[in-house]
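Everything below belongs to data.cif, which stores mmCIF, C-alpha atoms.
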data_query
#
loop_
_atom_site.label_atom_id
_atom_site.label_comp_id
_atom_site.auth_asym_id
_atom_site.auth_seq_id
_atom_site.Cartn_x
_atom_site.Cartn_y
_atom_site.Cartn_z
CA CYS A 502 -10.84 -17.57 2.72
CA ASP A 503 -13.37 -16.34 5.30
CA ASP A 504 -16.24 -18.36 3.81
CA ALA A 505 -14.21 -21.52 3.42
CA VAL A 506 -13.01 -21.62 7.00
CA ARG A 507 -15.61 -19.72 9.00
CA ASP A 508 -15.94 -22.60 11.47
CA THR A 509 -12.62 -24.29 12.19
CA THR A 510 -13.81 -26.06 15.30
CA ASP A 511 -15.35 -28.89 13.28
CA LEU A 512 -12.38 -30.53 11.53
CA SER A 513 -13.64 -34.04 12.05
CA ASN A 514 -11.50 -35.80 9.47
CA GLU A 515 -8.38 -35.34 7.42
CA THR A 516 -10.36 -34.47 4.29
CA ASP A 517 -11.78 -31.41 6.05
CA VAL A 518 -8.30 -30.44 7.17
CA GLN A 519 -6.90 -30.81 3.66
CA MET A 520 -9.69 -28.66 2.24
CA LEU A 521 -8.93 -26.00 4.82
CA VAL A 522 -5.21 -26.07 4.03
CA ARG A 523 -6.00 -25.85 0.31
CA ALA A 524 -8.21 -22.80 0.94
CA ILE A 525 -5.46 -21.13 2.95
CA PHE A 526 -2.89 -21.83 0.21
CA ILE A 527 -5.17 -20.28 -2.41
CA SER A 528 -5.36 -17.16 -0.27
CA VAL A 529 -1.58 -17.16 0.21
CA ARG A 530 -1.07 -17.11 -3.54
CA GLU A 531 -3.46 -14.17 -3.75
CA GLY A 532 -2.00 -12.45 -0.72
CA ASP A 533 -1.53 -9.17 -2.55
CA ARG A 534 -5.25 -8.47 -2.11
CA GLY A 535 -4.56 -6.66 1.14
CA LYS A 536 -3.65 -6.88 4.79
CA HIS A 537 -7.17 -7.90 5.77
CA VAL A 538 -6.79 -11.12 3.77
CA ARG A 539 -3.52 -11.94 5.51
CA ASN A 540 -5.09 -11.24 8.91
CA ALA A 541 -8.00 -13.55 8.07
CA MET A 542 -5.62 -16.35 7.04
CA GLU A 543 -3.61 -16.00 10.21
CA GLU A 544 -6.68 -16.02 12.46
CA THR A 545 -7.94 -19.08 10.61
CA ALA A 546 -4.59 -20.85 11.09
CA ARG A 547 -4.60 -20.09 14.82
CA SER A 548 -8.14 -21.36 15.26
CA ALA A 549 -7.45 -24.55 13.29
CA ARG A 550 -4.22 -25.13 15.18
CA ASP A 551 -5.98 -24.82 18.51
CA ALA A 552 -8.94 -26.96 17.45
CA GLN A 553 -7.04 -29.83 15.79
CA ALA A 554 -3.42 -29.12 16.61
CA SER A 555 -1.73 -32.38 15.64
CA THR A 556 -3.71 -33.14 12.47
CA PHE A 557 -3.82 -29.59 11.12
CA GLN A 558 -0.16 -28.94 11.96
CA SER A 559 0.99 -32.08 10.23
CA VAL A 560 -0.99 -31.49 7.04
CA PHE A 561 -0.21 -27.78 6.84
CA LEU A 562 3.51 -28.05 7.56
CA ASN A 563 3.99 -31.01 5.20
CA ALA A 564 2.16 -29.14 2.44
CA SER A 565 4.23 -26.01 3.09
CA ALA A 566 7.48 -27.98 2.96
CA LYS A 567 6.53 -29.62 -0.35
CA ALA A 568 5.44 -26.29 -1.79
CA MET A 569 8.81 -24.71 -0.96
CA GLU A 570 10.75 -27.68 -2.33
CA LYS A 571 8.86 -27.40 -5.62
CA GLY A 572 9.04 -23.61 -5.74
CA THR A 573 5.27 -23.29 -5.82
CA PHE A 574 5.10 -19.84 -4.26
CA GLY A 575 6.48 -16.63 -5.69
CA ASP A 576 8.27 -14.05 -3.61
CA SER A 577 5.06 -12.10 -3.04
CA SER A 578 3.54 -15.11 -1.26
CA CYS A 579 6.58 -16.19 0.78
CA PHE A 580 6.27 -13.48 3.40
CA ALA A 581 2.70 -14.51 4.19
CA LEU A 582 3.66 -18.18 4.27
CA SER A 583 6.55 -17.57 6.68
CA ARG A 584 4.14 -15.95 9.12
CA LEU A 585 1.66 -18.81 8.78
CA VAL A 586 4.29 -21.52 9.31
CA ALA A 587 5.49 -19.81 12.49
CA ILE A 588 1.91 -19.46 13.75
CA VAL A 589 0.96 -23.08 13.06
CA ALA A 590 4.13 -24.38 14.75
CA SER A 591 3.63 -22.18 17.84
CA THR A 592 1.88 -24.50 20.27
CA GLY A 593 3.73 -23.43 23.38
CA LYS A 594 6.36 -26.18 23.30
CA VAL A 595 9.03 -27.68 21.07
CA GLU A 596 7.83 -30.86 19.36
CA ASP A 597 10.30 -32.98 17.42
CA ASP A 598 8.68 -33.55 14.04
CA THR A 599 6.57 -30.41 14.02
CA THR A 600 9.40 -28.10 15.01
CA ALA A 601 11.90 -29.73 12.65
CA LYS A 602 9.52 -29.39 9.70
CA ALA A 603 8.71 -25.80 10.59
CA LEU A 604 12.38 -24.81 10.95
CA GLU A 605 13.34 -26.35 7.61
CA THR A 606 10.48 -24.60 5.81
CA LEU A 607 11.31 -21.29 7.49
CA ALA A 608 14.94 -21.75 6.45
CA ARG A 609 13.92 -22.28 2.82
CA LEU A 610 11.83 -19.14 3.00
CA ARG A 611 14.68 -17.12 4.54
CA ALA A 612 17.02 -18.37 1.82
CA ARG A 613 14.74 -16.65 -0.71
CA GLY A 614 15.72 -13.29 0.76
CA ARG A 615 15.17 -11.01 3.72
CA ARG A 616 12.30 -9.09 2.15
CA VAL A 617 10.15 -12.18 1.65
CA PHE A 618 10.63 -13.54 5.16
CA SER A 619 9.04 -12.42 8.42
CA ALA A 620 11.81 -12.28 11.02
CA LYS A 621 9.24 -10.93 13.47
CA ALA A 622 7.17 -14.11 13.11
CA LEU A 623 10.19 -16.31 13.82
CA ARG A 624 10.98 -14.32 16.95
CA ALA A 625 7.36 -14.69 18.07
CA PHE A 626 7.63 -18.44 17.44
CA ALA A 627 10.78 -18.56 19.59
CA GLY A 628 9.13 -16.56 22.33
CA ASP A 629 6.09 -18.85 22.36
CA VAL A 630 7.82 -22.24 22.45
CA GLY A 631 10.83 -21.12 24.48
CA CYS A 632 13.82 -19.62 22.75
CA ASP A 633 16.48 -21.76 24.39
CA ALA A 634 14.55 -24.98 23.71
CA LEU A 635 14.05 -23.95 20.08
CA LEU A 636 17.73 -23.06 19.76
CA ASP A 637 18.75 -26.44 21.15
CA LYS A 638 16.44 -28.19 18.69
CA TYR A 639 17.85 -26.13 15.83
CA LEU A 640 21.46 -26.94 16.74
CA ASP A 641 20.63 -30.64 17.15
CA LEU A 642 19.12 -30.71 13.67
CA VAL A 643 22.06 -28.96 12.01
CA LYS A 644 24.75 -30.91 13.85
CA GLY A 645 22.84 -34.12 13.21
CA GLY A 646 23.27 -33.72 9.45
CA ALA A 647 19.87 -32.25 8.58
CA ASN A 648 19.39 -30.29 5.35
CA THR A 649 22.08 -27.62 5.03
CA VAL A 650 19.43 -25.06 4.10
CA LEU A 651 18.76 -24.83 7.86
CA CYS A 652 21.92 -22.72 8.09
CA ALA A 653 19.97 -19.92 6.41
CA LEU A 654 18.44 -19.35 9.85
CA VAL A 655 21.72 -18.76 11.70
CA GLY A 656 21.28 -14.99 11.72
CA GLU A 657 17.58 -15.09 12.55
CA MET A 658 18.06 -17.59 15.37
CA TYR A 659 20.73 -15.33 16.81
CA ALA A 660 18.39 -12.33 16.60
CA ALA A 661 15.72 -14.34 18.45
CA ALA A 662 18.24 -15.40 21.10
CA ARG A 663 19.35 -11.82 21.57
CA GLU A 664 15.76 -10.91 22.41
CA PHE A 665 14.50 -13.94 24.36
CA SER A 666 17.34 -16.21 25.48
CA LYS A 667 18.19 -16.50 29.16
CA ARG A 668 21.68 -17.78 28.33
CA ASP A 669 24.90 -15.84 27.84
CA ILE A 670 24.48 -14.26 24.41
CA GLY A 671 28.24 -14.34 23.81
CA GLU A 672 28.32 -18.14 24.10
CA THR A 673 25.28 -18.45 21.84
CA ARG A 674 26.84 -16.16 19.27
CA ARG A 675 30.09 -18.10 19.26
CA THR A 676 28.24 -21.41 18.81
CA LEU A 677 26.22 -20.09 15.87
CA LEU A 678 29.27 -18.34 14.43
CA GLN A 679 31.17 -21.64 14.43
CA LEU A 680 28.26 -23.13 12.52
CA TYR A 681 28.53 -20.31 10.00
CA ALA A 682 32.26 -20.92 9.63
CA ASP A 683 31.85 -24.68 9.20
CA VAL A 684 29.02 -24.49 6.67
CA VAL A 685 28.93 -21.15 4.85
CA LEU A 686 32.67 -20.44 4.74
CA ASN A 687 33.27 -23.95 3.50
CA GLY A 688 32.23 -22.73 0.05
CA ASP A 689 30.27 -25.86 -0.82
CA ALA A 690 28.32 -25.43 -4.07
CA LYS A 691 25.26 -27.16 -2.56
CA VAL A 692 25.15 -24.64 0.27
CA VAL A 693 25.38 -21.74 -2.16
CA ALA A 694 22.69 -23.28 -4.38
CA ALA A 695 20.40 -23.61 -1.35
CA GLY A 696 20.58 -19.86 -0.84
CA VAL A 697 22.64 -19.97 2.37
CA SER A 698 24.96 -16.98 2.34
CA ALA A 699 26.44 -14.14 4.37
CA GLU A 700 23.28 -12.15 3.61
CA THR A 701 21.17 -14.65 5.56
CA CYS A 702 23.47 -14.19 8.55
CA THR A 703 23.85 -10.40 8.75
CA ALA A 704 22.37 -10.21 12.25
CA ILE A 705 25.15 -12.29 13.77
CA LEU A 706 28.00 -10.97 11.60
CA GLY A 707 27.22 -7.42 12.65
CA ASP A 708 27.66 -8.32 16.33
CA ILE A 709 30.87 -10.35 16.32
CA THR A 710 33.87 -9.25 18.35
CA GLU A 711 37.50 -8.91 17.23
CA ASP A 712 38.38 -12.07 19.16
CA GLU A 713 35.60 -14.01 17.42
CA MET A 714 36.79 -12.73 14.06
CA LYS A 715 40.34 -13.81 14.85
CA ASP A 716 39.57 -17.15 16.51
CA VAL A 717 36.51 -18.43 14.61
CA LEU A 718 36.25 -16.85 11.15
CA LEU A 719 39.83 -15.99 10.20
CA PRO A 720 41.34 -19.51 10.43
CA LYS A 721 38.54 -20.90 8.25
CA MET A 722 38.92 -18.10 5.71
CA VAL A 723 42.66 -18.66 5.33
CA ARG A 724 42.30 -22.43 5.10
CA GLN A 725 39.62 -22.23 2.42
CA LEU A 726 41.49 -19.57 0.44
CA ARG A 727 44.37 -22.02 0.19
CA ARG A 728 42.13 -24.95 -0.75
CA SER A 729 39.43 -23.54 -3.04
CA PRO A 730 39.87 -19.80 -3.55
CA GLU A 731 37.50 -19.46 -6.48
CA ALA A 732 34.58 -20.87 -4.48
CA VAL A 733 35.19 -18.99 -1.26
CA LEU A 734 36.40 -15.54 -2.38
CA PRO A 735 32.89 -14.08 -2.92
CA ILE A 736 31.72 -15.53 0.39
CA ILE A 737 34.63 -13.98 2.28
CA LEU A 738 33.98 -10.64 0.62
CA ASN A 739 30.32 -10.73 1.65
CA THR A 740 31.27 -11.83 5.16
CA LEU A 741 33.68 -8.93 5.65
CA GLU A 742 31.04 -6.54 4.33
CA GLY A 743 28.80 -7.70 7.18
CA VAL A 744 31.26 -7.38 10.08
CA LYS A 745 31.88 -4.15 11.96
CA VAL A 746 35.14 -4.89 13.76
CA ASP A 747 38.67 -3.58 13.28
CA LEU A 748 40.35 -5.83 10.72
CA SER A 749 43.94 -4.93 11.61
CA SER A 750 44.64 -8.31 13.17
CA SER A 751 43.50 -10.04 9.97
CA CYS A 752 46.00 -8.28 7.70
CA ALA A 753 48.91 -10.65 8.30
CA GLU A 754 47.16 -13.94 7.57
CA LEU A 755 44.81 -12.69 4.87
CA GLY A 756 47.49 -10.60 3.18
CA GLU A 757 49.71 -13.64 2.77
CA VAL A 758 47.06 -15.58 0.82
CA LEU A 759 45.29 -12.71 -0.92
CA ILE A 760 48.23 -11.03 -2.64
CA PRO A 761 49.09 -14.12 -4.76
CA LEU A 762 45.39 -14.26 -5.71
CA ALA A 763 45.45 -10.57 -6.63
CA LYS A 764 48.21 -11.45 -9.12
CA HIS A 765 46.28 -14.32 -10.67
CA ALA A 766 45.80 -14.56 -14.44
CA ASP A 767 42.02 -14.82 -13.99
CA ALA A 768 40.54 -11.31 -13.95
CA ALA A 769 37.54 -12.28 -11.80
CA ARG A 770 39.77 -13.76 -9.13
CA ARG A 771 41.96 -10.66 -9.17
CA ASP A 772 38.91 -8.41 -8.86
CA VAL A 773 37.39 -10.12 -5.80
CA SER A 774 40.79 -10.36 -4.10
CA ARG A 775 41.30 -6.65 -4.73
CA ARG A 776 37.91 -5.83 -3.20
CA ILE A 777 38.73 -7.83 -0.06
CA ILE A 778 42.09 -6.08 0.27
CA ASP A 779 40.28 -2.77 -0.16
CA MET A 780 38.13 -3.66 2.86
CA LEU A 781 41.17 -4.64 4.90
CA ALA A 782 42.91 -1.35 4.18
CA ALA A 783 39.84 0.78 4.83
CA ASN A 784 38.76 -1.01 8.02
CA SER A 785 42.09 -1.49 9.79
CA ALA A 786 42.75 0.97 12.59
CA ASP A 787 46.45 0.05 12.75
CA ALA A 788 47.95 1.36 9.49
CA SER A 789 51.33 -0.15 10.32
CA LEU A 790 49.87 -3.65 9.86
CA VAL A 791 48.47 -2.72 6.44
CA LYS A 792 51.88 -1.37 5.50
CA GLU A 793 53.78 -4.39 6.82
CA HIS A 794 51.59 -7.21 5.57
CA ILE A 795 50.04 -5.81 2.40
CA PHE A 796 51.97 -2.83 1.02
CA ALA A 797 55.44 -4.18 1.84
CA ARG A 798 54.66 -7.57 0.26
CA CYS A 799 53.78 -5.85 -3.01
CA ALA A 800 56.68 -3.39 -2.87
CA ALA A 801 59.13 -6.24 -2.35
CA GLU A 802 58.15 -7.70 -5.72
CA PHE A 803 59.58 -4.62 -7.46
CA VAL A 804 62.45 -3.38 -5.30
CA ALA A 805 64.02 -6.79 -4.67
CA GLY A 806 64.92 -7.38 -8.31
CA LYS A 807 62.22 -9.96 -9.00
CA ARG A 808 59.76 -7.92 -11.01
CA PRO A 809 56.89 -10.15 -12.21
CA LYS A 810 57.14 -11.08 -15.89
CA GLU A 811 53.38 -11.61 -16.32
CA TRP A 812 51.58 -8.35 -16.95
CA THR A 813 48.48 -9.63 -15.12
CA ALA A 814 50.55 -10.06 -11.98
CA ARG A 815 51.84 -6.50 -12.28
CA VAL A 816 48.27 -5.23 -12.73
CA GLY A 817 47.28 -6.92 -9.49
CA LEU A 818 50.25 -5.54 -7.59
CA TYR A 819 49.71 -2.01 -8.87
CA ASP A 820 46.05 -2.21 -7.84
CA VAL A 821 46.92 -3.38 -4.33
CA ILE A 822 49.53 -0.65 -3.89
CA GLY A 823 46.87 1.86 -4.91
CA LEU A 824 44.37 0.38 -2.44
CA CYS A 825 46.77 0.89 0.44
CA SER A 826 45.96 4.61 0.13
CA ARG A 827 42.63 3.71 1.74
CA ILE A 828 44.14 3.59 5.23
CA ASN A 829 42.26 5.89 7.56
CA SER A 830 45.05 7.94 9.06
CA ARG A 831 46.03 10.98 6.99
CA LYS A 832 49.42 11.08 8.69
CA ASP A 833 50.08 7.44 7.80
CA ARG A 834 48.96 7.98 4.21
CA GLU A 835 51.32 10.90 3.78
CA ALA A 836 54.19 8.94 5.32
CA LEU A 837 53.60 6.02 2.96
CA SER A 838 52.95 8.10 -0.16
CA ALA A 839 56.59 8.85 -0.98
CA ASN A 840 57.48 5.15 -1.00
CA ALA A 841 54.42 4.21 -3.06
CA ILE A 842 54.96 7.00 -5.59
CA ALA A 843 58.64 6.15 -5.99
CA ILE A 844 57.87 2.51 -6.78
CA LEU A 845 55.04 3.31 -9.18
CA ALA A 846 56.94 6.09 -10.97
CA THR A 847 59.92 3.79 -11.52
CA GLU A 848 57.63 1.10 -12.89
CA MET A 849 55.79 3.45 -15.22
CA ALA A 850 59.07 4.40 -16.79
CA VAL A 851 59.77 0.81 -17.85
CA ASP A 852 56.43 -1.05 -18.07
CA LYS A 853 55.38 -1.18 -21.74
CA GLN A 854 52.26 -3.37 -21.46
CA LEU A 855 49.27 -1.05 -21.93
CA ASP A 856 46.86 -2.66 -19.44
CA ALA A 857 49.55 -2.86 -16.78
CA LYS A 858 50.60 0.72 -17.42
CA ALA A 859 46.99 1.89 -17.11
CA ALA A 860 46.67 0.11 -13.76
CA GLY A 861 49.94 1.60 -12.55
CA LEU A 862 48.89 5.10 -13.56
CA ARG A 863 45.58 4.72 -11.71
CA ALA A 864 47.43 3.72 -8.56
CA LEU A 865 49.93 6.53 -9.02
CA THR A 866 47.14 9.10 -9.46
CA THR A 867 45.49 7.82 -6.30
CA TRP A 868 48.65 8.28 -4.25
CA LEU A 869 49.39 11.73 -5.70
CA ARG A 870 46.26 13.02 -3.98
CA HIS A 871 47.94 12.48 -0.62
CA ILE A 872 51.11 14.55 -1.04
CA ALA A 873 51.75 18.28 -0.66
CA ALA A 874 54.49 18.66 -3.28
CA CYS A 875 55.36 16.81 -6.48
CA PRO A 876 58.22 14.35 -5.82
CA ALA A 877 61.35 14.33 -7.96
CA SER A 878 60.51 10.87 -9.31
CA ILE A 879 57.31 12.26 -10.85
CA VAL A 880 59.10 15.26 -12.35
CA THR A 881 61.60 12.86 -13.94
CA LEU A 882 58.79 10.64 -15.27
CA ILE A 883 57.02 13.62 -16.82
#
Written form, structure tokens:
Amino acid sequence: CDDAVRDTTDLSNETDVQMLVRAIFISVREGDRGKHVRNAMEETARSARDAQASTFQSVFLNASAKAMEKGTFGDSSCFALSRLVAIVASTGKVEDDTTAKALETLARLRARGRRVFSAKALRAFAGDVGCDALLDKYLDLVKGGANTVLCALVGEMYAAAREFSKRDIGETRRTLLQLYADVVLNGDAKVVAAGVSAETCTAILGDITEDEMKDVLLPKMVRQLRRSPEAVLPIILNTLEGVKVDLSSSCAELGEVLIPLAKHADAARRDVSRRIIDMLAANSADASLVKEHIFARCAAEFVAGKRPKEWTARVGLYDVIGLCSRINSRKDREALSANAIAILATEMAVDKQLDAKAAGLRALTTWLRHIAACPASIVTLI
């Protein structure tokens, strides 16, 4: 790389520029040779950018975009390329075509995974061209119908804004969070295939407030669970894994749509629904809401004389009753244990389906850990 581009001040024609870009790409593919090679590539890119900004930028960014579309680079090369793209695009101002091309390529790189993307380079890019101007350009592109892969940068753009923006970070977060809700939580197969996921947005999900969860994410989650549960269940699970807020206020609306899914005949759908309910129970500070909107809904299926005939539905209900033992308060667990054990013990005495009985016994065993003395219903069952 050093020999090929020792003098980048004489890029008199496009052929010279293309040869330089080709030399840099060869070095990118062999980037595992050491940090000194990466440093040489980056210094070369800066010098070429400063010497022939418009020509070199155009050729390099177009070549990078095509390479990412074709999957030319492996993961080991993507980290180096993300740094180079950010460097080449950093000319001190936001430029329409250059910035748009750079953002789309960076988004494709981020969609490959956090470990093969330089978040530090993106933040440096934002700091150089002006974070708020870059953010405006990014939002214009996404809202204008640009490639949905751009949404892979939601989290990274938020992280850059948190460091450099002069605007209210709460308003910025809410704007980007709405974008996440509209695109990622929509569950579109094309978005998933592009690599846009909750993982690409961890920076913003970890900072949301309870009000933002309730007002922005929750309505979209409920709506999509009613429309296309199979597509959106894994996305909702990954989203809730990324948030750090109290989920008590989500129990009512999510419980209503999740419990029927937890009873579904499809085992995969039951499993993901169960894992989401597990998160609700474990991350809700108000145990009374878990009891009212999740436990009581399941209990009503057995004590109201309308016991489900399908054994898969009973498996789901037993599992959810068992998960309610995950509430944080020991006092609340002990108060709820007698009711849970009574329901499960009664069911185990009459349920003959082996898989359902196994699920019921697992839930019963879970709840027995939270009592001081063996209840009469268990003695009778034994």
Notebook entry, point to check: Could you work out how far CA of Ala732 (chain A) lies from CA of Glu793 (chain A), giving the answer in Å with one decimal?
Noted result: 27.7 Å
Next item on the list: Please evaluate the PyMOL selection byres ((chain A and resi 838) around 12) against the structure above and give the resulting residues as a ChimeraX atom specification.
Entry: /A:792,796,822-828,831-837,839-846,864-876
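Listed by chain and then by number, the residues chosen by the PyMOL selection byres ((chain A and resi 747-752) around 8) in this file are Glu711, Lys715, Leu719, Lys745, Val746, Ala753, Glu754, Leu755, Gly756, Leu781, Asn784, Ser785, Ala786, Asp787, Ala788, Leu790, Val791, His794 and Ile795 of chain A.
The nearest approach to Arg727 (chain A) among the residues A:Ala699, A:Val804, A:Ile760, A:Leu706, with all atoms listed in the file taken into account, belongs to A:Ile760.
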Give me the result of the PyMOL selection byres ((chain A and resi 702) around 8) on this file, residue by residue, as a PDB file with C-alpha atoms, in the frame of the given file.
ATOM      1  CA  ALA A 653      19.970 -19.920   6.410  1.00  0.00           C
ATOM      2  CA  LEU A 654      18.440 -19.350   9.850  1.00  0.00           C
ATOM      3  CA  VAL A 655      21.720 -18.760  11.700  1.00  0.00           C
ATOM      4  CA  GLY A 656      21.280 -14.990  11.720  1.00  0.00           C
ATOM      5  CA  GLU A 657      17.580 -15.090  12.550  1.00  0.00           C
ATOM      6  CA  SER A 698      24.960 -16.980   2.340  1.00  0.00           C
ATOM      7  CA  ALA A 699      26.440 -14.140   4.370  1.00  0.00           C
ATOM      8  CA  GLU A 700      23.280 -12.150   3.610  1.00  0.00           C
ATOM      9  CA  THR A 701      21.170 -14.650   5.560  1.00  0.00           C
ATOM     10  CA  THR A 703      23.850 -10.400   8.750  1.00  0.00           C
ATOM     11  CA  ALA A 704      22.370 -10.210  12.250  1.00  0.00           C
ATOM     12  CA  ILE A 705      25.150 -12.290  13.770  1.00  0.00           C
ATOM     13  CA  LEU A 706      28.000 -10.970  11.600  1.00  0.00           C
TER      14      LEU A 706
END
Note to self: Using all atoms listed in the file for the distances, tell me which of A:Arg616, A:Val589, A:Lys571, A:Glu531 is nearest to Ala552 (chain A).
What the structure shows: A:Val589
Note to self: Calculated over all atoms listed in the file, which of the candidates A:Lys644, A:Asp633, A:Leu718, A:Val816 has the smallest distance to Lys667 (chain A)?
What the structure shows: A:Asp633
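The two atoms in question, CA of Lys858 (chain A) and CA of Ser830 (chain A), are spaced 28.0 Å apart.
Picture a line from CA of Thr676 (chain A) to CA of Glu664 (chain A); it runs 16.7 Å.
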